[in-house]
Structure formats: structure tokens, C-alpha cells
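To be precise, the following lines are protein04.cif, and they hold mmCIF, C-alpha atoms.
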data_input
#
loop_
_atom_site.label_atom_id
_atom_site.label_comp_id
_atom_site.auth_asym_id
_atom_site.auth_seq_id
_atom_site.Cartn_x
_atom_site.Cartn_y
_atom_site.Cartn_z
CA MET H 1 110.63 121.13 90.66
CA LEU H 2 109.69 118.38 88.17
CA THR H 3 107.58 115.34 88.97
CA SER H 4 104.85 113.16 87.48
CA LYS H 5 101.48 114.72 86.78
CA HIS H 6 99.48 111.67 87.85
CA VAL H 7 100.85 112.10 91.40
CA PHE H 8 98.52 115.11 91.67
CA SER H 9 95.19 113.30 91.50
CA ASN H 10 93.44 115.95 93.61
CA THR H 11 93.80 119.50 92.28
CA GLY H 12 91.61 120.91 95.05
CA VAL H 13 94.16 120.54 97.82
CA THR H 14 97.28 122.46 98.84
CA TYR H 15 100.59 120.68 98.26
CA GLN H 16 103.88 120.95 100.10
CA VAL H 17 107.43 119.91 99.28
CA THR H 18 109.65 118.39 101.96
CA LEU H 19 113.39 118.38 101.33
CA SER H 20 115.89 115.81 102.60
CA ASP H 21 116.81 118.10 105.50
CA GLY H 22 113.21 117.99 106.73
CA LYS H 23 112.31 121.55 105.76
CA THR H 24 108.83 121.92 104.26
CA TYR H 25 107.78 124.53 101.71
CA ALA H 26 104.43 125.46 100.23
CA VAL H 27 103.89 124.89 96.52
CA ASP H 28 103.08 128.28 95.01
CA LYS H 29 102.06 127.13 91.53
CA VAL H 30 101.59 123.87 89.63
CA ARG H 31 101.61 123.48 85.86
CA PHE H 32 100.51 120.22 84.23
CA ASP H 33 101.27 118.59 80.92
CA ASP H 34 99.09 115.53 80.30
CA ALA H 35 100.87 114.55 77.09
CA LEU H 36 104.09 113.91 79.03
CA ASP H 37 102.61 113.05 82.45
CA LEU H 38 104.64 115.98 83.73
CA ALA H 39 104.06 118.45 86.54
CA VAL H 40 106.21 121.53 87.15
CA LEU H 41 105.98 122.91 90.69
CA LYS H 42 107.03 126.35 91.81
CA ILE H 43 108.05 126.40 95.47
CA ALA H 44 106.96 129.52 97.34
CA GLY H 45 109.89 131.93 97.55
CA SER H 46 111.76 131.92 100.81
CA GLY H 47 115.25 133.16 99.99
CA ASP H 48 116.69 129.72 100.76
CA ASN H 49 119.25 128.13 98.49
CA PHE H 50 117.67 124.92 97.25
CA PRO H 51 119.76 121.95 96.12
CA VAL H 52 119.90 121.74 92.34
CA ALA H 53 119.76 118.57 90.26
CA HIS H 54 122.11 118.21 87.31
CA PHE H 55 120.58 116.92 84.08
CA ILE H 56 122.32 115.18 81.21
CA SER H 57 122.74 117.05 77.95
CA PHE H 58 120.78 116.13 74.85
CA THR H 59 124.14 115.91 73.08
CA GLN H 60 125.23 113.08 75.40
CA PRO H 61 122.11 110.91 75.72
CA ALA H 62 121.72 107.93 78.00
CA GLN H 63 123.01 104.64 76.61
CA ILE H 64 121.33 101.24 76.61
CA GLY H 65 123.08 98.99 79.11
CA GLN H 66 124.32 101.73 81.43
CA PHE H 67 123.70 101.43 85.14
CA VAL H 68 120.93 103.56 86.66
CA LEU H 69 119.53 104.42 90.09
CA ALA H 70 115.81 105.00 90.65
CA LEU H 71 114.82 107.21 93.59
CA GLY H 72 111.40 107.55 95.14
CA SER H 73 109.34 107.66 98.31
CA PRO H 74 106.82 104.81 98.07
CA ALA H 75 103.83 105.14 100.38
CA SER H 76 105.25 108.46 101.66
CA GLU H 77 108.08 106.59 103.39
CA ALA H 78 111.68 107.71 103.58
CA LEU H 79 113.70 107.88 100.38
CA SER H 80 114.32 104.55 98.67
CA VAL H 81 116.92 103.77 96.01
CA THR H 82 116.97 100.83 93.60
CA PHE H 83 119.62 99.79 91.09
CA GLY H 84 119.35 98.48 87.54
CA ILE H 85 120.28 99.03 83.91
CA LEU H 86 118.77 101.10 81.15
CA SER H 87 117.19 98.30 79.14
CA SER H 88 115.80 100.23 76.19
CA THR H 89 114.95 103.69 74.88
CA ASN H 90 112.10 105.22 72.89
CA LYS H 91 109.52 102.85 74.38
CA THR H 92 105.73 103.27 74.30
CA PHE H 93 103.58 102.36 77.29
CA THR H 94 99.81 102.61 77.82
CA ILE H 95 98.34 103.08 81.30
CA ASN H 96 94.72 102.06 82.01
CA THR H 97 94.09 101.75 78.23
CA THR H 98 93.65 105.53 78.04
CA ASN H 99 97.01 107.25 78.55
CA THR H 100 99.75 106.35 76.07
CA TYR H 101 103.24 107.75 76.59
CA VAL H 102 105.98 107.58 73.99
CA GLY H 103 109.74 108.03 73.90
CA LEU H 104 110.27 106.51 77.36
CA TYR H 105 113.33 104.92 78.91
CA GLN H 106 112.83 101.33 80.07
CA THR H 107 114.72 100.02 83.10
CA ASP H 108 114.75 96.91 85.25
CA ALA H 109 115.35 98.95 88.41
CA LEU H 110 112.64 97.92 90.87
CA LEU H 111 109.87 100.50 91.15
CA VAL H 112 106.70 100.28 93.20
CA ALA H 113 103.65 102.49 93.63
CA GLY H 114 104.88 105.77 95.05
CA ASN H 115 108.14 105.86 93.09
CA SER H 116 106.46 107.92 90.36
CA GLY H 117 107.85 111.40 90.08
CA GLY H 118 111.26 110.51 91.43
CA PRO H 119 114.42 110.82 89.34
CA LEU H 120 116.21 108.16 87.32
CA LEU H 121 119.93 108.86 87.76
CA ASP H 122 123.20 107.73 86.23
CA LEU H 123 126.08 106.72 88.51
CA GLN H 124 127.42 110.29 88.46
CA GLY H 125 124.16 111.54 89.97
CA GLN H 126 122.92 113.22 86.82
CA VAL H 127 119.18 113.06 86.13
CA LEU H 128 118.30 110.97 83.07
CA GLY H 129 114.54 110.95 83.49
CA ILE H 130 111.50 111.00 85.75
CA ASN H 131 110.08 107.65 86.92
CA THR H 132 106.64 107.41 85.36
CA ALA H 133 105.13 103.92 85.19
CA VAL H 134 105.56 100.26 86.12
CA ASP H 135 104.57 97.17 84.14
CA THR H 136 104.37 94.65 86.99
CA SER H 137 103.43 91.80 84.66
CA GLN H 138 106.82 91.96 82.95
CA GLY H 139 108.99 93.54 85.64
CA ARG H 140 109.61 96.68 83.61
CA ALA H 141 109.67 100.30 84.69
CA PHE H 142 109.55 103.43 82.55
CA ALA H 143 110.90 106.95 82.89
CA LEU H 144 110.28 110.14 80.94
CA PRO H 145 113.64 111.30 79.48
CA VAL H 146 114.73 114.80 80.49
CA SER H 147 117.80 116.86 79.59
CA GLN H 148 119.30 120.29 80.20
CA GLU H 149 117.78 121.47 76.93
CA PHE H 150 114.36 120.02 77.74
CA ILE H 151 114.33 121.82 81.09
CA ALA H 152 115.35 125.14 79.54
CA THR H 153 112.71 125.08 76.79
CA THR H 154 110.00 123.78 79.14
CA LEU H 155 110.57 126.52 81.72
CA ALA H 156 110.75 129.18 79.01
CA SER H 157 107.45 127.99 77.53
CA LEU H 158 105.77 127.94 80.95
CA ALA H 159 107.06 131.42 81.79
CA THR H 160 105.76 132.84 78.50
CA TYR H 161 102.55 130.89 77.85
CA SER H 162 101.77 129.13 81.18
CA GLN H 163 101.81 125.85 79.25
CA ILE H 164 104.13 123.74 77.14
CA VAL H 165 103.71 124.89 73.53
CA ARG H 166 104.39 122.35 70.80
CA PRO H 167 104.68 122.64 67.02
CA LEU H 168 101.76 121.38 64.96
CA LEU H 169 102.15 119.69 61.59
CA GLY H 170 98.74 120.95 60.43
CA LEU H 171 97.70 117.81 58.58
CA GLN H 172 94.98 115.29 59.23
CA TYR H 173 95.52 111.91 57.65
CA LYS H 174 94.32 108.33 57.36
CA ASP H 175 96.71 105.41 57.79
CA ILE H 176 96.58 103.12 54.76
CA THR H 177 99.46 100.88 55.79
CA PRO H 178 97.32 97.71 56.22
CA THR H 179 95.87 98.16 52.71
CA LEU H 180 99.29 98.68 51.15
CA GLN H 181 100.75 95.66 52.90
CA LYS H 182 98.00 93.44 51.46
CA ASP H 183 98.67 94.61 47.88
CA LYS H 184 101.92 92.83 46.94
CA ASN H 185 102.14 94.74 43.62
CA LEU H 186 102.89 98.06 45.35
CA PRO H 187 106.55 98.91 46.07
CA VAL H 188 105.76 100.51 49.44
CA SER H 189 104.92 98.93 52.79
CA ALA H 190 103.54 101.94 54.69
CA GLY H 191 101.73 105.15 53.93
CA VAL H 192 99.02 107.69 54.69
CA ILE H 193 96.45 109.72 52.76
CA VAL H 194 96.19 113.38 53.67
CA THR H 195 92.50 114.08 54.40
CA ASP H 196 92.67 117.70 55.50
CA VAL H 197 95.07 120.63 55.82
CA LEU H 198 94.47 122.93 58.76
CA ALA H 199 94.33 126.66 58.12
#

Could you express the structure from this file as C-alpha cells?
Amino acid sequence: MLTSKHVFSNTGVTYQVTLSDGKTYAVDKVRFDDALDLAVLKIAGSGDNFPVAHFISFTQPAQIGQFVLALGSPASEALSVTFGILSSTNKTFTINTTNTYVGLYQTDALLVAGNSGGPLLDLQGQVLGINTAVDTSQGRAFALPVSQEFIATTLASLATYSQIVRPLLGLQYKDITPTLQKDKNLPVSAGVIVTDVLA
């Protein structure tokens, strides 16, 4: 099961998952990824057949302007659904001046505290993303994009390494864009200086 990491503010407690039919299951294992505000939960095995969400494919990404549904359970109430459009993609949003998330979907579907971790769906019921944050000052909501391919690689990485493994460029650099923009004689408007190469 996928949800938002920030929903799990207390790692010293035992969590449970309650399905729409009212059945409750213990969470056997939780893996976190702070960079994506993502939590992957393993439900304790019971032999039951769990309902499965269908995710869009990376080859057919969500489109700006398409209708979306945002699901959640604010304040631990019953399931709520709101309707909106996908306003923008590849957005950056900073929470509490410390956590910055990139590559997000932006939607005008109404979200409130407690909607985090719920799915953002298209009208066919396919999962486009995971509701992550709300900018109440501008009436915007954000979701982490997910796809079939993202799920497959994430689960494979967790199974092998117990964490999400990412490639590393291996360079440290200093941004010199402001300096270049001030010098009108240079033909470039952005750039960096490589300061170190990691072994």
C-alpha cells in the first residue's frame, strides 16, 4: 500500500489499515522515503484477496486540463471525494520551509488536512498520484505522480535494498547563473562550476 510519509508522524506506534468493507489488518512493515514524502506499507499476510488499484502508464502520462478525483479520509472520517482538473505538472512546493518536493501534479480539487496519502484518480479510476500537500493561501493542492513503472521499480528496490535506491551524478558544483546574467558580454544565461568529483 502506498501513502504519504508525513502521515506517519509517530514511528513508535502500531498502525492498522481498514478497507472499505470494514475489515482491519495489521501493518507488518513500513518503508519511508523522505525525498518523495512516500510510505510503502506491507499488510500482514492473511490469505485474503485485496482490491488492487490500477495505475497509469508512464507512456500515457496525465494531461493538463483533464478531470481528476481526489480521495481521502479527513479527520479519520468516512471516505470523501472531491472533483477538479489537473492544473499543472512538474510543480515544486515547499512545506514548512524545510521540505521541498519537486515534479508534483497541481490540482484545484478541494483537499483538506487528512486527505494526504489518498489517491488522485482520473475518471476511469486509474491512479495518477498520491495527494501530498495543500496551499490554502492559493487554493492549490499537490499530488506525487505515480505510474505502473514507478510502482514496479520502487517495490523491486525495496525488496532488494529495503530502501529506494537512486542514481548519483557524482559531482558537486556551484551555481554561477546570477554572475553570468549580470555580465551582458557572455553568450550564456545559466551555468555552474564543478567544484568536486566524488570517487

Taking a cut-off of 6 Å and counting only C-alpha atoms, can you build a table that, for each residue of segment 14-81 of chain H near segment 119-139 of chain H, reports the nearest atom pair and how far apart they are in Å (one decimal), sorted by chain then residue number, as JSON lines?
{"residue": "H:His54", "atom": "CA", "partner": "H:Gln126", "partner_atom": "CA", "distance": 5.1}
{"residue": "H:Phe55", "atom": "CA", "partner": "H:Val127", "partner_atom": "CA", "distance": 4.6}
{"residue": "H:Ile56", "atom": "CA", "partner": "H:Gln126", "partner_atom": "CA", "distance": 6.0}
{"residue": "H:Val68", "atom": "CA", "partner": "H:Asp122", "partner_atom": "CA", "distance": 4.8}
{"residue": "H:Leu69", "atom": "CA", "partner": "H:Leu121", "partner_atom": "CA", "distance": 5.0}
{"residue": "H:Ala70", "atom": "CA", "partner": "H:Leu120", "partner_atom": "CA", "distance": 4.6}
{"residue": "H:Leu71", "atom": "CA", "partner": "H:Pro119", "partner_atom": "CA", "distance": 5.6}

Q) Restricting the calculation to all atoms listed in the file, which member of H:Ala156, H:Val112, H:Ile151, H:Leu198 is positioned closest to Leu169 of chain H? A)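 Among the listed residues, H:Leu198 lies closest to Leu169 of chain H.
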
Q: Compile the contact shell of Leu36 of chain H as number ranges by chain: residues with an atom at most 9 Å away, counting all atoms listed in the file, same-chain residues fewer than 5 positions apart removed.
A: H: 4-5, 101-102, 144

Q.
Can you translate the PyMOL selection byres ((chain H and resi 28) around 12) into the concrete residues it hits in this file, as a PyMOL selection string?
A. chain H and resi 1+14-17+25-27+29-31+40-46

Q. Mind telling me what the PyMOL selection byres ((chain H and resi 92) around 8) catches here, as a list in words?
A. Asn90, Lys91, Phe93, Thr94, Thr100, Tyr101, Val102, Gly103 and Leu104 of chain H

Q.
Residues near Ile64 of chain H, anyone? I mean within 10 Å using all atoms listed in the file, not counting same-chain ones fewer than 2 positions away, as JSON, numbers by chain.
A. {"H": [61, 62, 66, 67, 85, 86, 87, 88, 89, 105, 106, 107]}

Atoms to include: C-alpha atoms. Write the selected residues as a compact mmCIF listing (two decimals), in the coordinates of the input.
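That gives us again-v1.txt:
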# COMPACT_ATOMS: atom_id res chain seq x y z
CA PRO H 61 122.11 110.91 75.72
CA ALA H 62 121.72 107.93 78.00
CA GLN H 66 124.32 101.73 81.43
CA PHE H 67 123.70 101.43 85.14
CA ILE H 85 120.28 99.03 83.91
CA LEU H 86 118.77 101.10 81.15
CA SER H 87 117.19 98.30 79.14
CA SER H 88 115.80 100.23 76.19
CA THR H 89 114.95 103.69 74.88
CA TYR H 105 113.33 104.92 78.91
CA GLN H 106 112.83 101.33 80.07
CA THR H 107 114.72 100.02 83.10

Q: Please write as a count of residues only the full residue list that the PyMOL selection byres ((chain H and resi 196) around 10) yields on this file.
A: 11

Q) Please, what distance in Å, to one decimal, runs between atom CA of Ser157 of chain H and atom CA of Pro51 of chain H? A) 23.1 Å

Q.
For a test of reading the model, state the distance in Å between atom CA of Ser116 of chain H and atom CA of Gly72 of chain H, rounded to one decimal.
A.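 These atoms are spaced 6.9 Å apart.
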
Q: Please measure the separation of atom CA of Leu19 of chain H and atom CA of Ala53 of chain H, giving the value in Å to one decimal.
A: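 Calculated distance between atom CA of Leu19 of chain H and atom CA of Ala53 of chain H is 12.8 Å.
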